[in-house]
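J.: This is the content of data26.txt (compact mmCIF, C-alpha atoms):
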```
# COMPACT_ATOMS: atom_id res chain seq x y z
CA MET Z 983 -27.28 -51.19 23.04
CA THR Z 984 -25.24 -53.12 25.61
CA GLY Z 985 -21.87 -54.67 24.76
CA ALA Z 986 -23.31 -58.19 24.94
CA LEU Z 987 -26.16 -57.23 22.63
CA ARG Z 988 -23.73 -55.68 20.14
CA ARG Z 989 -21.64 -58.88 20.09
CA TRP Z 990 -24.79 -60.96 19.53
CA ALA Z 991 -25.91 -58.66 16.72
CA GLY Z 992 -22.46 -58.86 15.18
CA HIS Z 993 -22.77 -62.64 14.92
CA ILE Z 994 -26.05 -62.24 13.05
CA SER Z 995 -24.98 -59.46 10.66
CA PRO Z 996 -21.73 -57.54 10.10
CA PHE Z 997 -23.61 -54.32 9.30
CA THR Z 998 -24.34 -51.32 11.49
CA THR Z 999 -26.69 -48.48 10.57
CA LEU Z 1000 -24.88 -45.23 9.82
CA ALA Z 1001 -26.24 -41.90 10.97
CA PRO Z 1002 -26.39 -39.26 8.19
CA THR Z 1003 -23.24 -37.12 8.36
CA ALA Z 1004 -22.33 -34.17 6.18
CA TRP Z 1005 -19.04 -34.62 4.31
CA SER Z 1006 -17.74 -31.26 5.50
CA ALA Z 1007 -18.60 -32.12 9.13
CA GLN Z 1008 -15.89 -34.77 9.35
CA ARG Z 1009 -12.90 -34.16 11.58
CA PRO Z 1010 -10.11 -32.69 9.41
CA THR Z 1011 -7.08 -34.99 9.10
CA TYR Z 1012 -4.52 -32.64 7.55
CA GLY Z 1013 -2.89 -32.11 10.93
CA ASP Z 1014 -2.29 -35.84 11.32
CA ALA Z 1015 -1.22 -36.57 7.73
CA ASN Z 1016 2.38 -35.51 8.26
CA PRO Z 1017 4.17 -35.35 4.86
CA ALA Z 1018 7.43 -36.39 6.56
CA VAL Z 1019 5.80 -39.61 7.82
CA ILE Z 1020 4.46 -40.46 4.35
CA GLN Z 1021 7.76 -39.68 2.63
CA ALA Z 1022 9.77 -41.72 5.15
CA ALA Z 1023 7.41 -44.66 4.66
CA LEU Z 1024 7.87 -44.33 0.90
CA ARG Z 1025 11.67 -44.28 1.20
CA ARG Z 1026 11.63 -47.42 3.34
CA THR Z 1027 9.33 -49.13 0.87
CA VAL Z 1028 11.32 -48.41 -2.28
CA SER Z 1029 14.53 -49.56 -0.56
CA ARG Z 1030 13.13 -53.09 -0.12
CA PRO Z 1031 14.23 -55.86 -2.49
CA SER Z 1032 11.92 -57.09 -5.23
CA GLY Z 1033 14.00 -59.91 -6.70
CA ASN Z 1034 13.35 -58.14 -10.07
CA TRP Z 1035 9.73 -59.37 -10.14
CA PHE Z 1036 6.85 -57.34 -11.59
CA ALA Z 1037 3.15 -58.19 -11.31
CA PHE Z 1038 1.67 -57.69 -14.77
CA ALA Z 1039 -1.75 -59.33 -15.09
CA ASP Z 1040 -4.73 -60.98 -13.48
CA SER Z 1041 -3.87 -64.69 -13.77
CA SER Z 1042 -7.37 -65.48 -14.99
CA ARG Z 1043 -6.82 -63.24 -18.04
CA ILE Z 1044 -4.08 -65.45 -19.44
CA GLY Z 1045 -5.40 -68.49 -21.21
CA THR Z 1046 -5.33 -69.91 -24.71
CA THR Z 1047 -5.17 -66.40 -26.20
CA PRO Z 1048 -1.79 -64.68 -25.70
CA LEU Z 1049 -1.61 -61.46 -23.69
CA GLY Z 1050 0.65 -58.71 -24.99
CA THR Z 1051 1.76 -55.90 -22.70
CA ARG Z 1052 4.71 -53.78 -21.62
CA VAL Z 1053 6.52 -53.95 -18.31
CA ALA Z 1054 9.07 -51.23 -17.54
CA GLY Z 1055 9.28 -50.46 -21.24
CA VAL Z 1056 9.87 -54.09 -22.22
CA PRO Z 1057 7.26 -55.52 -24.64
CA ILE Z 1058 6.32 -59.05 -23.52
CA VAL Z 1059 3.86 -61.75 -24.50
CA ALA Z 1060 2.39 -64.23 -22.01
CA TRP Z 1061 0.41 -67.40 -22.59
CA ARG Z 1062 -0.28 -70.86 -21.16
CA GLY Z 1063 1.72 -73.94 -22.03
CA GLN Z 1064 0.14 -77.28 -22.78
CA ASP Z 1065 0.20 -78.14 -19.07
CA GLY Z 1066 -1.38 -74.79 -18.13
CA ALA Z 1067 1.91 -73.31 -16.88
CA LEU Z 1068 2.45 -69.57 -17.30
CA LEU Z 1069 4.95 -68.76 -20.07
CA ALA Z 1070 6.33 -65.39 -21.20
CA GLY Z 1071 8.95 -63.97 -23.50
CA PRO Z 1072 9.80 -61.02 -25.73
CA ARG Z 1073 6.82 -59.90 -27.78
CA ALA Z 1074 8.72 -59.63 -31.08
CA CYS Z 1075 9.26 -62.77 -33.14
CA PRO Z 1076 13.02 -63.45 -33.46
CA HIS Z 1077 12.64 -63.97 -37.21
CA LEU Z 1078 11.36 -60.64 -38.54
CA GLY Z 1079 9.74 -59.04 -35.49
CA ALA Z 1080 6.08 -60.01 -35.88
CA ASP Z 1081 3.83 -59.25 -32.90
CA LEU Z 1082 3.58 -62.56 -31.05
CA ALA Z 1083 0.54 -61.30 -29.12
CA ARG Z 1084 -1.36 -61.89 -32.38
CA SER Z 1085 -0.23 -65.52 -32.57
CA PRO Z 1086 -2.59 -68.44 -32.17
CA VAL Z 1087 -1.63 -70.98 -29.53
CA GLU Z 1088 -1.55 -74.65 -30.51
CA CYS Z 1089 -0.50 -77.41 -28.09
CA GLY Z 1090 1.00 -74.77 -25.80
CA ALA Z 1091 3.14 -73.14 -28.52
CA LEU Z 1092 2.85 -69.72 -30.12
CA ILE Z 1093 2.66 -69.90 -33.91
CA CYS Z 1094 3.97 -66.73 -35.53
CA PRO Z 1095 1.27 -65.45 -37.92
CA TRP Z 1096 3.83 -64.24 -40.46
CA HIS Z 1097 5.88 -67.37 -41.19
CA GLY Z 1098 4.72 -70.10 -38.79
CA LEU Z 1099 7.66 -70.16 -36.37
CA ARG Z 1100 6.65 -72.13 -33.26
CA LEU Z 1101 7.75 -70.95 -29.82
CA ASP Z 1102 6.91 -73.28 -26.94
CA GLY Z 1103 8.62 -71.38 -24.15
CA ARG Z 1104 12.11 -72.70 -24.84
CA ARG Z 1105 15.01 -70.64 -26.17
CA HIS Z 1106 15.05 -70.14 -29.94
CA GLY Z 1107 18.10 -68.32 -31.28
CA THR Z 1108 18.13 -64.83 -29.79
CA TRP Z 1109 14.64 -65.28 -28.34
CA ARG Z 1110 14.78 -66.29 -24.69
CA PRO Z 1111 11.85 -67.00 -22.37
CA LEU Z 1112 11.42 -64.87 -19.27
CA PRO Z 1113 11.06 -66.27 -15.75
CA THR Z 1114 7.43 -66.23 -14.62
CA PHE Z 1115 5.43 -66.93 -11.50
CA ASP Z 1116 1.70 -67.53 -11.14
CA ASP Z 1117 0.53 -67.11 -7.54
CA GLY Z 1118 -3.03 -68.13 -8.34
CA VAL Z 1119 -4.28 -64.53 -8.35
CA LEU Z 1120 -1.62 -62.53 -10.21
CA SER Z 1121 0.93 -63.29 -12.91
CA TRP Z 1122 4.50 -62.09 -12.44
CA VAL Z 1123 7.50 -61.74 -14.74
CA ARG Z 1124 11.15 -61.35 -13.73
CA LEU Z 1125 13.16 -58.76 -15.63
CA ASP Z 1126 16.72 -58.93 -14.36
CA ALA Z 1127 18.08 -56.37 -16.82
CA VAL Z 1128 15.49 -53.85 -15.61
CA GLY Z 1129 15.47 -54.59 -11.89
CA GLY Z 1130 19.24 -54.82 -11.48
CA GLU Z 1131 18.90 -56.63 -8.14
CA THR Z 1132 19.91 -60.10 -7.04
CA PRO Z 1133 17.19 -62.25 -8.63
CA THR Z 1134 15.00 -64.51 -6.51
CA GLU Z 1135 13.19 -67.70 -7.45
CA ALA Z 1136 9.78 -66.20 -6.64
CA PRO Z 1137 8.29 -62.76 -5.94
CA ILE Z 1138 7.96 -61.54 -2.37
CA LEU Z 1139 4.31 -62.20 -1.64
CA PRO Z 1140 2.20 -61.04 1.32
CA VAL Z 1141 0.33 -63.44 3.56
CA ARG Z 1142 -3.04 -64.26 2.04
CA PRO Z 1143 -6.17 -65.65 3.69
CA PRO Z 1144 -6.92 -69.39 3.72
CA GLU Z 1145 -9.82 -71.00 1.91
CA PRO Z 1146 -12.63 -70.28 1.57
CA ARG Z 1147 -11.73 -67.08 -0.20
CA LEU Z 1148 -12.86 -65.08 -3.18
CA ALA Z 1149 -10.42 -63.07 -5.29
CA ALA Z 1150 -10.91 -60.40 -7.94
CA VAL Z 1151 -8.37 -58.16 -9.68
CA ALA Z 1152 -8.99 -54.64 -11.00
CA ALA Z 1153 -6.54 -53.02 -13.40
CA VAL Z 1154 -6.21 -49.31 -14.22
CA GLU Z 1155 -3.49 -47.18 -15.79
CA GLY Z 1156 -2.26 -43.69 -14.96
CA VAL Z 1157 0.23 -41.03 -16.01
CA CYS Z 1158 2.58 -41.30 -13.07
CA GLU Z 1159 5.32 -43.49 -11.61
CA PRO Z 1160 5.02 -46.44 -9.19
CA ASP Z 1161 6.24 -44.27 -6.30
CA ASP Z 1162 3.18 -42.02 -6.75
CA ILE Z 1163 0.84 -45.00 -6.45
CA VAL Z 1164 2.65 -46.24 -3.34
CA ALA Z 1165 2.63 -42.75 -1.78
CA ASN Z 1166 -1.13 -42.58 -2.26
CA ARG Z 1167 -1.62 -45.84 -0.38
CA LEU Z 1168 0.75 -44.70 2.39
CA ASP Z 1169 -1.62 -41.82 3.13
CA PRO Z 1170 -4.52 -43.52 4.93
CA TRP Z 1171 -5.76 -40.17 6.24
CA HIS Z 1172 -7.33 -39.22 2.90
CA GLY Z 1173 -9.74 -42.18 2.82
CA ALA Z 1174 -12.97 -40.78 4.26
CA TRP Z 1175 -12.43 -37.34 2.72
CA PHE Z 1176 -11.54 -38.46 -0.80
CA HIS Z 1177 -13.79 -41.55 -0.91
CA PRO Z 1178 -16.85 -40.61 1.19
CA TYR Z 1179 -19.02 -43.07 -0.75
CA SER Z 1180 -16.89 -45.99 0.54
CA PHE Z 1181 -15.38 -45.02 3.90
CA THR Z 1182 -16.40 -43.25 7.07
CA ALA Z 1183 -15.32 -42.98 10.72
CA LEU Z 1184 -11.66 -43.31 9.76
CA ARG Z 1185 -9.05 -42.96 12.48
CA VAL Z 1186 -5.36 -43.81 12.22
CA ARG Z 1187 -4.45 -45.70 15.40
CA HIS Z 1188 -0.77 -46.09 14.60
CA ALA Z 1189 1.54 -44.46 12.09
CA PRO Z 1190 5.24 -45.25 11.78
CA ALA Z 1191 7.85 -42.71 12.77
CA ALA Z 1192 9.37 -40.38 10.19
CA THR Z 1193 12.68 -42.19 10.11
CA ASP Z 1194 14.49 -44.41 7.62
CA ASP Z 1195 15.30 -47.07 10.21
CA LEU Z 1196 12.40 -48.91 11.85
CA ARG Z 1197 11.81 -52.35 13.30
CA PRO Z 1198 9.55 -54.40 10.96
CA GLU Z 1199 6.83 -54.65 13.60
CA ASP Z 1200 6.67 -50.84 13.83
CA ASP Z 1201 6.67 -50.21 10.07
CA ARG Z 1202 2.93 -50.25 9.50
CA PHE Z 1203 -0.18 -48.11 9.59
CA VAL Z 1204 -3.14 -49.32 11.68
CA VAL Z 1205 -6.51 -47.79 10.87
CA ASP Z 1206 -10.04 -47.95 12.26
CA VAL Z 1207 -12.44 -47.54 9.36
CA THR Z 1208 -16.02 -48.33 8.43
CA PHE Z 1209 -16.74 -49.57 4.92
CA LYS Z 1210 -19.98 -48.08 3.61
CA VAL Z 1211 -22.71 -49.93 1.75
CA GLY Z 1212 -25.36 -47.25 1.31
CA ARG Z 1213 -26.71 -46.39 4.79
CA LEU Z 1214 -25.05 -49.47 6.27
CA GLY Z 1215 -21.47 -49.83 7.49
CA VAL Z 1216 -18.98 -52.57 8.32
CA PRO Z 1217 -16.43 -51.41 10.93
CA VAL Z 1218 -12.98 -53.05 10.78
CA VAL Z 1219 -9.39 -52.53 11.83
CA ALA Z 1220 -6.98 -52.52 8.88
CA GLU Z 1221 -3.19 -52.76 8.80
CA PHE Z 1222 -1.11 -51.41 5.91
CA THR Z 1223 2.34 -52.87 5.18
CA THR Z 1224 4.76 -52.93 2.23
CA PRO Z 1225 6.42 -56.30 1.53
CA GLU Z 1226 8.33 -55.06 -1.53
CA PRO Z 1227 8.97 -51.75 -3.32
CA ARG Z 1228 5.91 -51.69 -5.56
CA THR Z 1229 3.30 -53.32 -3.30
CA VAL Z 1230 1.12 -52.01 -0.47
CA VAL Z 1231 -1.08 -54.51 1.37
CA MET Z 1232 -4.10 -53.83 3.55
CA HIS Z 1233 -4.89 -56.68 5.94
CA ILE Z 1234 -8.15 -56.80 7.88
CA VAL Z 1235 -6.92 -57.62 11.39
CA ASP Z 1236 -10.15 -57.16 13.37
CA GLY Z 1237 -13.85 -57.05 12.56
CA GLU Z 1238 -15.71 -58.68 9.69
CA GLY Z 1239 -13.55 -60.61 7.24
CA VAL Z 1240 -10.42 -60.96 9.38
CA GLY Z 1241 -7.61 -62.20 7.17
CA SER Z 1242 -8.97 -60.58 4.00
CA VAL Z 1243 -6.43 -58.53 2.07
CA VAL Z 1244 -6.34 -55.82 -0.56
CA GLU Z 1245 -3.04 -55.84 -2.45
CA THR Z 1246 -2.10 -52.79 -4.50
CA HIS Z 1247 0.67 -53.51 -7.03
CA ALA Z 1248 2.20 -50.63 -9.00
CA THR Z 1249 3.89 -51.77 -12.21
CA PRO Z 1250 5.81 -49.39 -14.48
CA LEU Z 1251 4.77 -49.74 -18.11
CA GLY Z 1252 7.24 -47.36 -19.73
CA ILE Z 1253 7.19 -43.94 -21.35
CA GLY Z 1254 4.17 -42.98 -23.41
CA LEU Z 1255 4.20 -41.20 -26.77
CA ASP Z 1256 3.84 -37.91 -24.88
CA GLY Z 1257 7.12 -38.53 -23.05
CA ARG Z 1258 5.43 -39.14 -19.71
CA PRO Z 1259 5.56 -42.35 -17.67
CA ARG Z 1260 2.69 -44.80 -17.45
CA THR Z 1261 2.02 -47.04 -14.46
CA ALA Z 1262 -0.46 -49.89 -14.14
CA VAL Z 1263 -2.27 -50.48 -10.88
CA LEU Z 1264 -3.25 -54.08 -10.21
CA GLU Z 1265 -5.49 -54.24 -7.17
CA ALA Z 1266 -6.17 -57.74 -5.91
CA VAL Z 1267 -9.05 -58.03 -3.45
CA ILE Z 1268 -8.94 -61.39 -1.67
CA ALA Z 1269 -11.95 -61.74 0.61
CA HIS Z 1270 -12.31 -64.25 3.43
CA SER Z 1271 -14.84 -64.83 6.19
CA ASP Z 1272 -15.36 -67.37 8.96
CA ARG Z 1273 -19.11 -67.03 8.57
CA LYS Z 1274 -20.81 -70.35 8.02
CA HIS Z 1275 -22.10 -69.79 4.51
CA PHE Z 1276 -19.20 -67.79 3.04
CA GLY Z 1277 -17.87 -70.87 1.26
CA ARG Z 1278 -20.99 -70.88 -0.88
CA SER Z 1279 -19.83 -67.64 -2.49
CA LYS Z 1280 -17.82 -69.80 -4.89
CA ALA Z 1281 -21.08 -70.75 -6.56
CA VAL Z 1282 -21.85 -67.12 -7.38
CA ALA Z 1283 -18.24 -66.01 -7.91
CA PRO Z 1284 -18.83 -65.19 -11.61
CA LEU Z 1285 -21.43 -62.65 -10.47
CA LEU Z 1286 -19.49 -61.28 -7.48
CA ARG Z 1287 -16.10 -60.78 -9.14
CA PRO Z 1288 -17.29 -58.10 -11.61
CA LEU Z 1289 -18.88 -56.19 -8.72
CA MET Z 1290 -15.63 -56.43 -6.73
CA ARG Z 1291 -13.65 -55.18 -9.72
CA MET Z 1292 -16.07 -52.29 -10.28
CA ALA Z 1293 -15.79 -51.18 -6.64
CA ALA Z 1294 -11.98 -51.28 -6.72
CA ALA Z 1295 -11.83 -49.48 -10.08
CA ARG Z 1296 -14.10 -46.72 -8.78
CA LEU Z 1297 -11.75 -46.05 -5.89
CA TRP Z 1298 -8.75 -46.04 -8.20
CA ARG Z 1299 -10.32 -43.60 -10.62
CA ASP Z 1300 -10.14 -41.13 -7.74
CA ASP Z 1301 -6.80 -42.30 -6.40
CA LEU Z 1302 -5.17 -42.07 -9.83
CA ALA Z 1303 -6.08 -38.38 -9.85
CA TYR Z 1304 -4.21 -38.11 -6.51
CA ALA Z 1305 -1.18 -40.07 -7.81
CA GLU Z 1306 -1.09 -38.18 -11.10
CA ARG Z 1307 -1.19 -34.90 -9.20
CA LEU Z 1308 1.84 -36.00 -7.15
CA TYR Z 1309 3.68 -36.74 -10.40
CA GLN Z 1310 2.70 -33.38 -11.89
CA LEU Z 1311 3.96 -31.48 -8.85
CA ARG Z 1312 7.23 -33.41 -8.79
CA SER Z 1313 7.75 -32.90 -12.53
CA ALA Z 1314 7.15 -29.17 -12.21
CA ARG Z 1315 9.88 -28.96 -9.61
```
Have the structure of the file written as structure tokens, please.
T.:
Amino acid sequence: MTGALRRWAGHISPFTTLAPTAWSAQRPTYGDANPAVIQAALRRTVSRPSGNWFAFADSSRIGTTPLGTRVAGVPIVAWRGQDGALLAGPRACPHLGADLARSPVECGALICPWHGLRLDGRRHGTWRPLPTFDDGVLSWVRLDAVGGETPTEAPILPVRPPEPRLAAVAAVEGVCEPDDIVANRLDPWHGAWFHPYSFTALRVRHAPAATDDLRPEDDRFVVDVTFKVGRLGVPVVAEFTTPEPRTVVMHIVDGEGVGSVVETHATPLGIGLDGRPRTAVLEAVIAHSDRKHFGRSKAVAPLLRPLMRMAAARLWRDDLAYAERLYQLRSAR
């Protein structure tokens, strides 16, 4: 097929037909996946400021029913005020400690189920609300006592695509620490080997140097990869960057869906009953396309979002095994 014909075909459909390839016939990538490069990238990432912000939930999950969770060992409850604003605070009622995640919400206020104390997001005695931020895709909470950094008014967010776009968030939990999740994402070389059902023809064009001091424009991974849909493939160029210590972002910079992002947020939950740490992975897939009819995807978004979540969760079931293995090895040492 000539170059002009390929470009014409690309305007009609983003898919290419993939030739059958045995998994074991791929080019090995262990020689390229230099542990020193991955570890240096991890050190640079965790040294970045966070403003004490932690992503903790898919924004669409928080509505009239309160959401109870833990962030870095701190039990919190989140809900919506009367104006729809995101509110959060300690999960224990300041009166006798009732679980506020079991409270009904009336006119934007939590009503404690034990004795009827109303909490509308303002301070009440020893109970103080927590700073929150809703970016339209994810909900964030600021924990200054945990983070210990200079607080910022808002989390450090990556650049996201313009409208029209379609977002879905998958959430999974593993026995590991946030650094293990980030380290997994800073190893792009494992993609086609560990996830052969989703990726093929993966080649790392650019990897940062194994140093702790890099210019921002050099601190990125650039990858050629083809996303698989059965026997069909969508080739793209993806760039991986880390805007803050617990976030890795993949931007599509060339090919179908330029501007689309996949954000991986690693949030510490605390120590489990077995004495081991738990970390939540919130993966936000924010898809965008300049194709003429992409905007119509909004009409079928309720059908597409579950499929997007399922695809992301499938990848993370594998990647959690990778991250948990990193934690096991580090703990053994």
J.: Between Z:Gly1079, Z:Val1053, Z:Arg1228, Z:Pro1095, which residue has the minimum interatomic distance to Val1123 of chain Z, considering all atoms listed in the file?
T.: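 Result for the nearest residue to Val1123 of chain Z: Z:Val1053.
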J.: When you draw a straight line from atom CA of Arg1052 of chain Z to atom CA of Leu1099 of chain Z, how long is it in Å?
T.: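 That distance, rounded to one decimal, is 22.2 Å.
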J.: Could you tell me how far atom CA of Val1154 of chain Z sits from atom CA of Ala1293 of chain Z, in Å to one decimal place?
T.: 12.4 Å
J.: Compare Z:Thr1224, Z:Thr1229, Z:Thr1047, Z:Ser1180 by their minimum atom-to-atom distance to Val1207 of chain Z, counting only C-alpha atoms, and give me the closest one.
T.: Z:Ser1180
J.: Env of segment 1161-1173 of chain Z: 8 Å cut, atoms = all atoms listed in the file, seq-sep filter 4 positions within chain, self excluded. Answer as a short mmCIF file (atom, residue, chain, number, x, y, z; two decimals) with C-alpha atoms, keeping the file's coordinate frame.
T.:
```cif
data_model
loop_
_atom_site.label_atom_id
_atom_site.label_comp_id
_atom_site.auth_asym_id
_atom_site.auth_seq_id
_atom_site.Cartn_x
_atom_site.Cartn_y
_atom_site.Cartn_z
CA THR Z 1011 -7.08 -34.99 9.10
CA TYR Z 1012 -4.52 -32.64 7.55
CA ASP Z 1014 -2.29 -35.84 11.32
CA ALA Z 1015 -1.22 -36.57 7.73
CA ILE Z 1020 4.46 -40.46 4.35
CA GLN Z 1021 7.76 -39.68 2.63
CA ALA Z 1023 7.41 -44.66 4.66
CA LEU Z 1024 7.87 -44.33 0.90
CA VAL Z 1028 11.32 -48.41 -2.28
CA HIS Z 1177 -13.79 -41.55 -0.91
CA PRO Z 1178 -16.85 -40.61 1.19
CA PHE Z 1181 -15.38 -45.02 3.90
CA THR Z 1182 -16.40 -43.25 7.07
CA LEU Z 1184 -11.66 -43.31 9.76
CA ARG Z 1185 -9.05 -42.96 12.48
CA VAL Z 1186 -5.36 -43.81 12.22
CA PHE Z 1203 -0.18 -48.11 9.59
CA VAL Z 1205 -6.51 -47.79 10.87
CA PHE Z 1222 -1.11 -51.41 5.91
CA ARG Z 1228 5.91 -51.69 -5.56
CA THR Z 1229 3.30 -53.32 -3.30
CA VAL Z 1230 1.12 -52.01 -0.47
CA ALA Z 1248 2.20 -50.63 -9.00
CA VAL Z 1263 -2.27 -50.48 -10.88
CA ASP Z 1301 -6.80 -42.30 -6.40
CA LEU Z 1302 -5.17 -42.07 -9.83
CA TYR Z 1304 -4.21 -38.11 -6.51
CA ALA Z 1305 -1.18 -40.07 -7.81
CA GLU Z 1306 -1.09 -38.18 -11.10
CA LEU Z 1308 1.84 -36.00 -7.15
CA TYR Z 1309 3.68 -36.74 -10.40
#
```
J.: Contacts of Pro1259 of chain Z at 7 Å or less, counting all atoms listed in the file, minus same-chain residues fewer than 4 places along, as a PyMOL selection string?
T.: chain Z and resi 1157-1159+1252-1254
J.: Considering only C-alpha atoms, return as a short mmCIF file (atom, residue, chain, number, x, y, z; two decimals) with C-alpha atoms, in the frame of the given file whatever protein or nucleic-acid residues lie within 8 Å of Leu1125 of chain Z, sequence-local ones (same chain, fewer than 6 positions apart) excluded.
T.:
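File written: result_31.cif
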```cif
data_model
loop_
_atom_site.label_atom_id
_atom_site.label_comp_id
_atom_site.auth_asym_id
_atom_site.auth_seq_id
_atom_site.Cartn_x
_atom_site.Cartn_y
_atom_site.Cartn_z
CA ASN Z 1034 13.35 -58.14 -10.07
CA TRP Z 1035 9.73 -59.37 -10.14
CA PHE Z 1036 6.85 -57.34 -11.59
CA LEU Z 1112 11.42 -64.87 -19.27
CA PRO Z 1113 11.06 -66.27 -15.75
#
```
J.: Interatomic distance between atom CA of Gly1237 of chain Z and atom CA of Tyr1179 of chain Z?
T.: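 Here the two named atoms are 20.0 Å from each other.
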J.: Residues near Leu1251 of chain Z, anyone? I mean within 7 Å using all atoms listed in the file, not counting same-chain ones fewer than 3 positions away, as a list in words.
T.: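 Once the adjacent positions are removed, what remains is Arg1052, Val1053, Ala1054, Gly1055, Arg1260, Thr1261 and Ala1262 of chain Z.
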J.: Pick out the closest residue to Pro1002 of chain Z from this set: Z:Ala1183, Z:Ile1268, Z:Leu1092, Z:Ala1037. Count all atoms listed in the file.
T.: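 Result for the nearest residue to Pro1002 of chain Z: Z:Ala1183.
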J.: Taking only C-alpha atoms into account, which of Z:Glu1238, Z:Glu1265, Z:Asp1116, Z:Glu1155 comes nearest Pro1137 of chain Z?
T.: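 Answer, going by the shortest atom-to-atom distance: Z:Asp1116.
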J.: Please provide as a list in words all residues within 12 Å of segment 1287-1290 of chain Z, with the sequence filter that same-chain residues fewer than 3 positions apart are discarded (counting all atoms listed in the file).
T.: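 In the requested format, the answer is Ser1042, Arg1147, Leu1148, Ala1149, Ala1150, Val1151, Ala1152, Ala1153, Val1244, Glu1265, Ala1266, Val1267, Ile1268, Ala1269, Ser1279, Lys1280, Ala1281, Val1282, Ala1283, Pro1284, Ala1293, Ala1294, Ala1295, Arg1296 and Leu1297 of chain Z.
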J.: Only C-alpha atoms, please: the residues just picked out, written as a CSV table (one decimal), keeping the file's coordinate frame.
T.:
```csv
chain,number,residue,atom,x,y,z
Z,1042,SER,CA,-7.4,-65.5,-15.0
Z,1147,ARG,CA,-11.7,-67.1,-0.2
Z,1148,LEU,CA,-12.9,-65.1,-3.2
Z,1149,ALA,CA,-10.4,-63.1,-5.3
Z,1150,ALA,CA,-10.9,-60.4,-7.9
Z,1151,VAL,CA,-8.4,-58.2,-9.7
Z,1152,ALA,CA,-9.0,-54.6,-11.0
Z,1153,ALA,CA,-6.5,-53.0,-13.4
Z,1244,VAL,CA,-6.3,-55.8,-0.6
Z,1265,GLU,CA,-5.5,-54.2,-7.2
Z,1266,ALA,CA,-6.2,-57.7,-5.9
Z,1267,VAL,CA,-9.0,-58.0,-3.4
Z,1268,ILE,CA,-8.9,-61.4,-1.7
Z,1269,ALA,CA,-12.0,-61.7,0.6
Z,1279,SER,CA,-19.8,-67.6,-2.5
Z,1280,LYS,CA,-17.8,-69.8,-4.9
Z,1281,ALA,CA,-21.1,-70.8,-6.6
Z,1282,VAL,CA,-21.8,-67.1,-7.4
Z,1283,ALA,CA,-18.2,-66.0,-7.9
Z,1284,PRO,CA,-18.8,-65.2,-11.6
Z,1293,ALA,CA,-15.8,-51.2,-6.6
Z,1294,ALA,CA,-12.0,-51.3,-6.7
Z,1295,ALA,CA,-11.8,-49.5,-10.1
Z,1296,ARG,CA,-14.1,-46.7,-8.8
Z,1297,LEU,CA,-11.8,-46.0,-5.9
```
J.: Please determine, counting only C-alpha atoms, which residue among Z:Val1141, Z:Leu1264, Z:Ala1220, Z:Val1235 has the shortest atom-to-atom distance to Thr1249 of chain Z.
T.: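 Residue with the minimum atom-to-atom distance to Thr1249 of chain Z: Z:Leu1264.
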J.: Taking all atoms listed in the file into account, which of Z:Pro1072, Z:Val1240, Z:Ala1303, Z:Glu1226 comes nearest Thr1108 of chain Z?
T.: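 Counting all atoms listed in the file, the residue closest to Thr1108 of chain Z is Z:Pro1072.
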J.: List as a ChimeraX atom specification the residues having at least one atom at most 6 Å from position (7.2, -64.5, -24.9) as given in the file, counting only C-alpha atoms.
T.: /Z:1058-1060,1070-1073,1111
J.: Starting from the point (6.9, -43.0, 14.8), work out which residues of protein, DNA or RNA have an atom no more than 10 Å away when counting all atoms listed in the file; state them as a PyMOL selection string.
T.: chain Z and resi 1019+1188-1193+1196+1200-1202
J.: Rebuild N, CA, C and O atoms on segment 1085-1091 of chain Z, as a short mmCIF file (atom, residue, chain, number, x, y, z; two decimals), keeping the file's coordinate frame?
T.:
```
data_model
loop_
_atom_site.label_atom_id
_atom_site.label_comp_id
_atom_site.auth_asym_id
_atom_site.auth_seq_id
_atom_site.Cartn_x
_atom_site.Cartn_y
_atom_site.Cartn_z
N SER Z 1085 -0.43 -64.13 -32.17
CA SER Z 1085 -0.23 -65.52 -32.57
C SER Z 1085 -1.31 -66.42 -32.00
O SER Z 1085 -1.70 -66.26 -30.84
N PRO Z 1086 -1.77 -67.38 -32.77
CA PRO Z 1086 -2.59 -68.44 -32.17
C PRO Z 1086 -1.72 -69.36 -31.33
O PRO Z 1086 -0.50 -69.42 -31.52
N VAL Z 1087 -2.35 -70.03 -30.37
CA VAL Z 1087 -1.63 -70.98 -29.53
C VAL Z 1087 -2.14 -72.38 -29.88
O VAL Z 1087 -3.34 -72.63 -29.87
N GLU Z 1088 -1.20 -73.27 -30.18
CA GLU Z 1088 -1.55 -74.65 -30.51
C GLU Z 1088 -0.65 -75.59 -29.72
O GLU Z 1088 0.58 -75.48 -29.79
N CYS Z 1089 -1.26 -76.46 -28.93
CA CYS Z 1089 -0.50 -77.41 -28.09
C CYS Z 1089 0.53 -76.68 -27.23
O CYS Z 1089 1.66 -77.13 -27.05
N GLY Z 1090 0.14 -75.52 -26.70
CA GLY Z 1090 1.00 -74.77 -25.80
C GLY Z 1090 2.10 -73.96 -26.46
O GLY Z 1090 2.95 -73.39 -25.78
N ALA Z 1091 2.10 -73.88 -27.80
CA ALA Z 1091 3.14 -73.14 -28.52
C ALA Z 1091 2.52 -71.97 -29.28
O ALA Z 1091 1.44 -72.10 -29.87
#
```
